[in-house]
$ cat model.cif   # mmCIF, C-alpha atoms and all ligand atoms
data_model
#
loop_
_atom_site.label_atom_id
_atom_site.label_comp_id
_atom_site.auth_asym_id
_atom_site.auth_seq_id
_atom_site.Cartn_x
_atom_site.Cartn_y
_atom_site.Cartn_z
CA MET A 1 0.00 0.00 0.00
CA SER A 2 1.41 3.44 -0.87
CA ALA A 3 2.13 5.82 2.04
CA SER A 4 -0.65 8.19 0.92
CA ALA A 5 -3.32 5.42 0.89
CA ARG A 6 -2.69 4.63 4.56
CA SER A 7 -4.72 6.53 7.12
CA THR A 8 -4.69 4.72 10.49
CA LEU A 9 -2.86 6.25 13.40
CA LEU A 10 -1.45 3.58 15.72
CA VAL A 11 -0.40 4.35 19.30
CA ALA A 12 1.67 1.70 21.10
CA GLY A 13 2.27 2.42 24.75
CA SER A 14 1.16 2.75 28.33
CA ALA A 15 -2.15 3.05 30.14
CA ASN A 16 -2.55 3.79 33.84
CA LEU A 17 -5.27 4.50 36.32
CA ASP A 18 -4.33 7.86 37.89
CA PHE A 19 -4.84 8.36 41.65
CA VAL A 20 -4.94 12.11 42.12
CA VAL A 21 -4.84 14.15 45.35
CA ARG A 22 -5.17 17.94 45.31
CA ALA A 23 -2.91 19.77 47.75
CA SER A 24 -1.62 23.29 48.35
CA HIS A 25 1.78 22.30 46.99
CA VAL A 26 3.75 19.28 45.80
CA PRO A 27 5.66 17.83 48.81
CA ALA A 28 9.44 18.20 48.98
CA PRO A 29 11.48 15.02 49.72
CA GLY A 30 10.68 13.87 53.27
CA GLU A 31 7.71 16.24 53.61
CA THR A 32 4.11 15.13 54.28
CA VAL A 33 1.37 17.36 52.91
CA LEU A 34 -2.26 17.15 54.04
CA GLY A 35 -4.17 17.06 50.77
CA ARG A 36 -7.84 17.67 49.97
CA GLU A 37 -10.00 16.02 47.26
CA PHE A 38 -9.08 12.58 45.90
CA ALA A 39 -10.20 11.19 42.53
CA THR A 40 -9.21 8.52 40.01
CA PHE A 41 -8.93 9.20 36.26
CA PRO A 42 -7.96 7.06 33.25
CA GLY A 43 -4.43 8.10 32.25
CA GLY A 44 -1.05 6.87 31.06
CA LYS A 45 0.93 8.70 28.38
CA GLY A 46 0.10 6.27 25.57
CA ALA A 47 -3.62 6.08 26.32
CA ASN A 48 -3.88 9.86 26.80
CA GLN A 49 -2.24 10.40 23.42
CA ALA A 50 -4.57 7.91 21.74
CA VAL A 51 -7.60 9.75 23.17
CA ALA A 52 -6.18 13.07 21.93
CA CYS A 53 -5.79 11.58 18.42
CA ALA A 54 -9.34 10.23 18.40
CA ARG A 55 -10.89 13.45 19.76
CA ALA A 56 -9.18 15.42 16.98
CA GLY A 57 -11.82 13.76 14.76
CA GLY A 58 -11.58 12.09 11.38
CA VAL A 59 -8.61 9.94 12.34
CA ASP A 60 -8.94 6.15 12.58
CA THR A 61 -7.05 5.60 15.88
CA ARG A 62 -5.80 2.21 17.16
CA MET A 63 -3.87 1.42 20.31
CA LEU A 64 -1.67 -1.50 21.37
CA LEU A 65 -1.50 -1.63 25.18
CA ALA A 66 -1.00 -4.10 28.05
CA LEU A 67 -3.48 -4.29 30.93
CA GLY A 68 -3.98 -6.53 33.95
CA ASP A 69 -7.01 -8.71 34.54
CA ASP A 70 -8.58 -6.36 37.09
CA PRO A 71 -11.27 -3.66 37.46
CA PHE A 72 -8.79 -0.82 36.70
CA ALA A 73 -8.36 -2.33 33.23
CA SER A 74 -12.05 -2.01 32.38
CA THR A 75 -12.12 1.66 33.46
CA ILE A 76 -9.27 2.35 31.05
CA GLU A 77 -10.75 0.26 28.22
CA ASN A 78 -14.09 2.07 28.56
CA SER A 79 -12.46 5.48 28.45
CA LEU A 80 -10.49 4.61 25.31
CA THR A 81 -13.37 2.96 23.45
CA ASP A 82 -15.77 5.80 24.41
CA ALA A 83 -13.29 8.20 22.79
CA GLY A 84 -13.37 6.07 19.62
CA VAL A 85 -10.04 4.23 19.93
CA THR A 86 -9.88 0.62 18.63
CA LEU A 87 -7.92 -1.54 21.09
CA GLN A 88 -5.44 -4.39 20.80
CA VAL A 89 -5.02 -5.47 24.43
CA VAL A 90 -2.23 -7.71 25.70
CA ARG A 91 -3.61 -9.26 28.90
CA SER A 92 -0.93 -9.54 31.59
CA ALA A 93 -0.73 -11.35 34.93
CA GLN A 94 0.68 -8.08 36.33
CA PRO A 95 -1.76 -5.49 37.73
CA THR A 96 -2.87 -2.67 35.44
CA GLY A 97 -0.47 0.29 35.57
CA THR A 98 -1.16 3.02 38.11
CA ALA A 99 0.09 6.56 38.61
CA PHE A 100 0.13 8.54 41.85
CA ILE A 101 -0.27 12.24 41.22
CA CYS A 102 -0.07 15.16 43.61
CA LEU A 103 -1.78 18.13 41.96
CA SER A 104 -0.94 21.52 43.43
CA ASP A 105 -3.16 24.61 43.60
CA ASP A 106 -0.99 26.29 40.95
CA ALA A 107 -1.90 23.43 38.53
CA GLU A 108 1.53 21.75 38.66
CA ASN A 109 1.99 18.08 39.50
CA ALA A 110 4.42 15.40 40.62
CA ILE A 111 3.82 11.91 39.22
CA THR A 112 5.08 8.48 40.27
CA VAL A 113 4.16 5.58 37.97
CA ALA A 114 3.89 1.91 39.00
CA PRO A 115 4.13 0.40 35.46
CA GLY A 116 2.67 -3.05 36.28
CA ALA A 117 1.26 -4.56 33.09
CA ASN A 118 2.84 -1.84 30.91
CA GLY A 119 6.12 -3.69 31.48
CA ALA A 120 4.66 -6.72 29.68
CA LEU A 121 4.54 -5.10 26.23
CA ARG A 122 6.94 -6.94 23.87
CA GLY A 123 8.46 -5.90 20.57
CA ASP A 124 6.78 -8.69 18.55
CA GLU A 125 3.23 -7.70 19.50
CA LEU A 126 2.68 -5.11 16.79
CA SER A 127 -0.04 -6.41 14.45
CA SER A 128 -0.31 -5.55 10.75
CA LEU A 129 0.99 -2.11 9.79
CA GLN A 130 -0.55 -2.28 6.33
CA ASP A 131 -3.03 0.57 6.72
CA VAL A 132 -0.97 2.56 9.25
CA SER A 133 0.37 6.00 8.32
CA HIS A 134 1.83 7.08 11.70
CA LEU A 135 3.03 5.13 14.75
CA LEU A 136 3.09 7.18 17.97
CA LEU A 137 5.36 5.94 20.79
CA GLN A 138 6.36 7.09 24.30
CA LEU A 139 8.78 5.74 26.94
CA GLU A 140 6.55 4.28 29.68
CA THR A 141 6.85 0.77 28.21
CA PRO A 142 10.10 -1.28 27.92
CA ILE A 143 12.67 0.51 25.75
CA GLU A 144 13.43 -2.77 23.88
CA ALA A 145 9.78 -2.97 22.79
CA VAL A 146 9.67 0.72 21.81
CA THR A 147 12.83 0.27 19.73
CA ALA A 148 11.49 -2.89 18.04
CA PHE A 149 8.18 -1.13 17.22
CA ALA A 150 10.05 1.82 15.71
CA LEU A 151 12.31 -0.42 13.60
CA SER A 152 9.36 -2.49 12.29
CA ALA A 153 7.42 0.66 11.43
CA ARG A 154 10.36 2.25 9.66
CA GLU A 155 10.83 -0.99 7.66
CA ALA A 156 7.11 -0.92 6.69
CA GLY A 157 7.24 2.71 5.50
CA VAL A 158 5.23 4.02 8.48
CA ARG A 159 6.13 7.47 9.87
CA VAL A 160 7.46 7.08 13.42
CA VAL A 161 6.66 9.74 16.02
CA LEU A 162 8.37 9.43 19.43
CA ASN A 163 7.41 11.39 22.51
CA ALA A 164 10.60 10.78 24.52
CA ALA A 165 8.83 10.97 27.91
CA PRO A 166 9.64 10.26 30.66
CA ALA A 167 13.23 11.40 29.96
CA ARG A 168 15.87 8.70 29.49
CA ALA A 169 18.85 7.94 27.26
CA LEU A 170 17.76 6.73 23.82
CA PRO A 171 19.39 3.86 21.89
CA THR A 172 20.97 5.20 18.68
CA GLU A 173 18.97 2.76 16.52
CA LEU A 174 15.72 4.08 18.02
CA LEU A 175 16.60 7.72 17.37
CA ARG A 176 17.65 6.82 13.80
CA SER A 177 14.17 5.35 13.11
CA VAL A 178 12.27 8.44 14.25
CA ASP A 179 10.68 10.90 11.80
CA VAL A 180 9.20 13.27 14.39
CA LEU A 181 10.58 13.61 17.93
CA ILE A 182 8.50 15.47 20.56
CA VAL A 183 10.15 16.49 23.84
CA ASN A 184 9.90 19.08 26.60
CA GLU A 185 12.92 21.17 27.59
CA GLY A 186 14.10 18.72 30.26
CA GLU A 187 13.86 15.79 27.86
CA LEU A 188 15.69 17.78 25.16
CA ALA A 189 18.57 18.48 27.57
CA ALA A 190 18.65 14.80 28.65
CA ILE A 191 18.79 13.53 25.05
CA THR A 192 21.33 16.02 23.72
CA GLY A 193 23.40 16.36 26.93
CA HIS A 194 23.59 20.02 25.87
CA HIS A 195 22.60 22.95 28.08
CA GLY A 196 22.52 25.81 25.56
CA SER A 197 19.46 27.54 24.13
CA VAL A 198 16.53 25.57 22.72
CA ALA A 199 17.74 26.39 19.19
CA GLU A 200 21.28 25.19 19.94
CA CYS A 201 19.98 21.95 21.45
CA LEU A 202 17.73 21.36 18.45
CA GLU A 203 20.71 21.73 16.14
CA GLN A 204 22.43 18.83 17.93
CA LEU A 205 19.80 16.32 16.82
CA ASP A 206 19.90 14.43 13.54
CA VAL A 207 16.13 13.78 13.33
CA PRO A 208 14.07 15.14 10.39
CA CYS A 209 11.61 16.98 12.63
CA VAL A 210 11.98 17.82 16.35
CA VAL A 211 9.30 19.63 18.36
CA VAL A 212 9.99 21.07 21.82
CA THR A 213 7.04 21.92 24.04
CA LEU A 214 7.61 24.95 26.26
CA GLY A 215 4.63 24.87 28.64
CA ALA A 216 2.53 28.06 28.61
CA ARG A 217 5.08 29.70 26.28
CA GLY A 218 4.06 27.44 23.35
CA CYS A 219 6.47 25.38 21.27
CA CYS A 220 9.45 25.49 18.92
CA ALA A 221 10.13 23.05 16.09
CA ARG A 222 12.99 22.42 13.70
CA GLN A 223 12.30 20.68 10.41
CA ASP A 224 14.76 20.44 7.52
CA ALA A 225 17.02 23.06 9.15
CA GLN A 226 14.11 25.54 9.39
CA PHE A 227 12.67 26.77 12.71
CA PHE A 228 8.95 27.20 13.47
CA LEU A 229 7.47 28.91 16.53
CA GLN A 230 3.97 28.74 17.94
CA SER A 231 3.05 30.88 20.94
CA GLY A 232 0.93 29.45 23.75
CA PHE A 233 -2.77 30.23 24.21
CA LYS A 234 -3.61 31.96 27.49
CA VAL A 235 -5.98 29.98 29.71
CA GLN A 236 -6.79 29.67 33.40
CA ALA A 237 -4.95 26.42 34.18
CA VAL A 238 -6.34 24.10 36.87
CA ASP A 239 -4.45 20.89 36.02
CA THR A 240 -1.54 20.50 33.58
CA THR A 241 -1.63 16.66 33.72
CA ALA A 242 -1.73 15.26 30.15
CA ALA A 243 -1.18 18.69 28.55
CA GLY A 244 1.93 17.27 26.84
CA ASP A 245 0.07 14.10 25.83
CA THR A 246 -2.75 16.18 24.37
CA PHE A 247 -0.17 18.15 22.38
CA CYS A 248 1.41 14.93 21.01
CA GLY A 249 -1.87 13.26 20.04
CA ALA A 250 -3.33 16.42 18.52
CA LEU A 251 -0.14 17.16 16.57
CA VAL A 252 0.07 13.68 15.03
CA ALA A 253 -3.65 13.68 14.24
CA ALA A 254 -3.29 17.02 12.45
CA LEU A 255 -0.26 15.76 10.49
CA ASN A 256 -2.16 12.55 9.66
CA LEU A 257 -5.03 14.67 8.28
CA GLY A 258 -2.58 16.48 5.99
CA ASP A 259 -1.91 19.72 7.87
CA ALA A 260 1.48 21.34 7.25
CA LEU A 261 3.71 21.59 10.34
CA PRO A 262 2.82 25.23 11.32
CA ALA A 263 -0.94 24.51 11.25
CA ALA A 264 -0.44 21.25 13.15
CA LEU A 265 1.61 23.07 15.84
CA ARG A 266 -1.13 25.69 16.20
CA TYR A 267 -3.84 23.05 16.59
CA ALA A 268 -1.75 21.08 19.11
CA CYS A 269 -0.94 24.18 21.22
CA ALA A 270 -4.62 25.14 21.40
CA ALA A 271 -5.71 21.58 22.30
CA SER A 272 -3.08 21.34 25.00
CA ALA A 273 -4.03 24.74 26.50
CA LEU A 274 -7.66 23.61 26.70
CA ALA A 275 -6.62 20.37 28.44
CA CYS A 276 -5.10 22.50 31.25
CA THR A 277 -8.49 24.05 32.03
CA ARG A 278 -10.02 20.76 33.26
CA LEU A 279 -9.19 18.10 35.84
CA GLY A 280 -7.75 14.70 35.01
CA ALA A 281 -5.88 13.19 32.08
CA GLN A 282 -8.22 11.67 29.44
CA SER A 283 -11.17 13.57 30.96
CA SER A 284 -9.49 16.89 30.12
CA ILE A 285 -8.71 16.27 26.43
CA PRO A 286 -10.83 18.45 24.13
CA GLN A 287 -12.87 17.54 21.07
CA ARG A 288 -11.96 19.16 17.72
CA ILE A 289 -14.99 21.49 17.86
CA GLU A 290 -13.72 23.04 21.12
CA VAL A 291 -10.23 23.54 19.70
CA GLU A 292 -11.59 25.15 16.55
CA THR A 293 -13.79 27.45 18.60
CA MET A 294 -10.74 28.52 20.58
CA LEU A 295 -8.69 29.08 17.44
CA ARG A 296 -11.48 31.30 16.06
CA SER A 297 -11.87 33.38 19.22
CA ASN A 298 -8.59 35.26 18.79
CA ASP A 299 -9.63 38.07 21.09
CA ARG A 300 -10.15 36.03 24.22
CA HIS A 301 -7.24 33.65 23.72
CA ALA A 302 -4.71 35.72 21.74
CA PRO A 303 -1.34 33.91 21.64
CA ILE A 304 1.49 35.76 23.37
CA ALA A 305 3.90 37.57 21.02
CA ASN A 306 6.21 35.38 18.92
CA ARG A 307 9.12 37.79 19.45
CA ALA A 308 9.40 36.94 23.15
CA LEU A 309 9.26 33.24 22.24
CA ALA A 310 11.98 33.67 19.60
CA ALA A 311 14.20 35.38 22.20
CA TYR A 312 13.50 32.62 24.75
CA CYS A 313 14.51 29.95 22.22
CA GLY A 314 17.71 31.79 21.28
CA LEU A 315 16.52 32.61 17.77
CA VAL A 316 17.04 36.43 17.93
O1 LIG B 401 1.50 12.48 31.10
C1 LIG B 401 0.55 12.31 32.12
C2 LIG B 401 0.46 10.86 32.49
O2 LIG B 401 1.71 10.46 33.04
C3 LIG B 401 -0.55 10.54 33.55
O3 LIG B 401 -1.83 10.28 33.03
C4 LIG B 401 0.08 9.37 34.28
O4 LIG B 401 -0.62 8.17 34.14
C5 LIG B 401 1.50 9.25 33.74
O5 LIG B 401 1.63 8.25 32.81
#
$ encode --input "model.cif" --output "structure tokens"
Amino acid sequence: MSASARSTLLVAGSANLDFVVRASHVPAPGETVLGREFATFPGGKGANQAVACARAGGVDTRMLLALGDDPFASTIENSLTDAGVTLQVVRSAQPTGTAFICLSDDAENAITVAPGANGALRGDELSSLQDVSHLLLQLETPIEAVTAFALSAREAGVRVVLNAAPARALPTELLRSVDVLIVNEGELAAITGHHGSVAECLEQLDVPCVVVTLGARGCCARQDAQFFLQSGFKVQAVDTTAAGDTFCGALVAALNLGDALPAALRYACAASALACTRLGAQSSIPQRIEVETMLRSNDRHAPIANRALAAYCGLV
């Protein structure tokens, strides 16, 4: 099948049930904080990204994931299927993955993941890639499996998108198979081992397209030696959990639908800003209609000036 006739977006990665406690601040090492409300939400970087792809609309989204044989698994499966994601589940004897999140009043968080079943994903579990245009990967599943998925996809002519989160050293063969790399500033520094400006760090990487998310500032991308900037959309943030995942899923969905990189970055920044206005991971991810409404209402959500962003990235 030619690359243009393929349309499915495949996510291979993690799924967790998130246990979230709100507190005045994230505790320092050794500190105990008395929190307030407690809630559980379907989460996990891979599953969040799959939901973001599906909610972008018009994209046939599939996900390969590993779950335990327990009630947490059905909560996650229901959330994904309700969003319109088709599942390929590897059933593990390990418990479904969980994440323990302290959410502070200034919308920041600290997350500890107990991977459980996510650790059971193996490199030979990828089913047919025949109709797949993009494979979206993250690093909450074993690195050997992620690398094997990327190599198989590259071999099959599928575009490989890697969100290198959480930060860790990447095998050279994995990085060589990636078409689009998405990282935050910390992950960029960890991968390049370079502590210069965003632009300088981007120049260290031999990947066709690298996108760096910069929180409320927006994002910066480098493709074919050209830089692209997208300022952030101003919102009242209540919970930044899954903002990065929303960005990744929305970006890949937009690219899959044929958007050029600048338009895809704009869509992804708006989707991720909206995700910060609601609690939870998958529960916070917006539908396309909400993102388009935000993009149209330039007055209320005007992006901050690109000049400040260019200076921050070391581009002026
Ligand atoms: O990126 C946010 C996600 O990180 C949470 O949903 C949590 O499950 C962890 O995987």
$ residues_near_ligand --input "model.cif" --ligand "ligand LIG 401 (chain B)" --cutoff "6 Å" --atoms "all atoms listed in the file" --output "PyMOL selection string"
chain A and resi 16+18+43-45+99+241-242+245+281
$ write_last_selection --input "model.cif" --atoms "C-alpha atoms" --output "PDB file, in the frame of the given file"
ATOM      1  CA  ASN A  16      -2.550   3.790  33.840  1.00  0.00           C
ATOM      2  CA  ASP A  18      -4.330   7.860  37.890  1.00  0.00           C
ATOM      3  CA  GLY A  43      -4.430   8.100  32.250  1.00  0.00           C
ATOM      4  CA  GLY A  44      -1.050   6.870  31.060  1.00  0.00           C
ATOM      5  CA  LYS A  45       0.930   8.700  28.380  1.00  0.00           C
ATOM      6  CA  ALA A  99       0.090   6.560  38.610  1.00  0.00           C
ATOM      7  CA  THR A 241      -1.630  16.660  33.720  1.00  0.00           C
ATOM      8  CA  ALA A 242      -1.730  15.260  30.150  1.00  0.00           C
ATOM      9  CA  ASP A 245       0.070  14.100  25.830  1.00  0.00           C
ATOM     10  CA  ALA A 281      -5.880  13.190  32.080  1.00  0.00           C
TER      11      ALA A 281
END
$ residues_around --input "model.cif" --residues "Arg91 of chain A" --least-positions-apart "4" --cutoff "9 Å" --atoms "all atoms listed in the file" --output "PyMOL selection string"
chain A and resi 65-69+117+120
$ residues_near_point --input "model.cif" --point "(12.8, 19.0, 11.5)" --cutoff "6 Å" --atoms "only C-alpha atoms" --output "ChimeraX atom specification"
/A:208-210,222-224
$ atom_distance --input "model.cif" --atom1 "atom CA of Arg307 of chain A" --atom2 "atom CA of Arg217 of chain A"
11.3 Å
$ closest_residue --input "model.cif" --among "A:Phe72, A:Gly218, A:Ser79, A:Gly314" --to "Leu202 of chain A" --atoms "only C-alpha atoms"
A:Gly314
$ atom_distance --input "model.cif" --atom1 "atom CA of Asn48 of chain A" --atom2 "atom CA of Arg278 of chain A"
14.1 Å
$ residues_around --input "model.cif" --residues "Ala268 of chain A" --least-positions-apart "5" --cutoff "9 Å" --atoms "only C-alpha atoms" --output "PyMOL selection string"
chain A and resi 246-252+254+263+273+291
$ closest_residue --input "model.cif" --among "A:Val211, A:Val198, A:Ile111, A:Ala271" --to "Val180 of chain A" --atoms "only C-alpha atoms"
A:Val211
$ axis_aligned_box --input "model.cif" --around "segment 177-194 of chain A" --padding-each-side "6 Å" --output "lines of an AutoDock Vina configuration file"
center_x = 16.0
center_y = 13.3
center_z = 21.0
size_x = 27.1
size_y = 27.8
size_z = 30.5
$ residues_near_point --input "model.cif" --point "(9.2, 18.1, 26.3)" --cutoff "12 Å" --atoms "only C-alpha atoms" --output "ChimeraX atom specification"
/A:138,162-168,181-191,198,210-215,218-221,242-245,247-248
$ residues_around --input "model.cif" --residues "Thr277 of chain A" --least-positions-apart "6" --cutoff "9 Å" --atoms "all atoms listed in the file" --output "list in words"
Val235, Gln236, Ala237, Val238, Asp239, Thr240 and Ser284 of chain A
$ write_last_selection --input "model.cif" --atoms "C-alpha atoms" --output "short mmCIF file (atom, residue, chain, number, x, y, z; two decimals), in the coordinates of the input"
data_model
loop_
_atom_site.label_atom_id
_atom_site.label_comp_id
_atom_site.auth_asym_id
_atom_site.auth_seq_id
_atom_site.Cartn_x
_atom_site.Cartn_y
_atom_site.Cartn_z
CA VAL A 235 -5.98 29.98 29.71
CA GLN A 236 -6.79 29.67 33.40
CA ALA A 237 -4.95 26.42 34.18
CA VAL A 238 -6.34 24.10 36.87
CA ASP A 239 -4.45 20.89 36.02
CA THR A 240 -1.54 20.50 33.58
CA SER A 284 -9.49 16.89 30.12
#
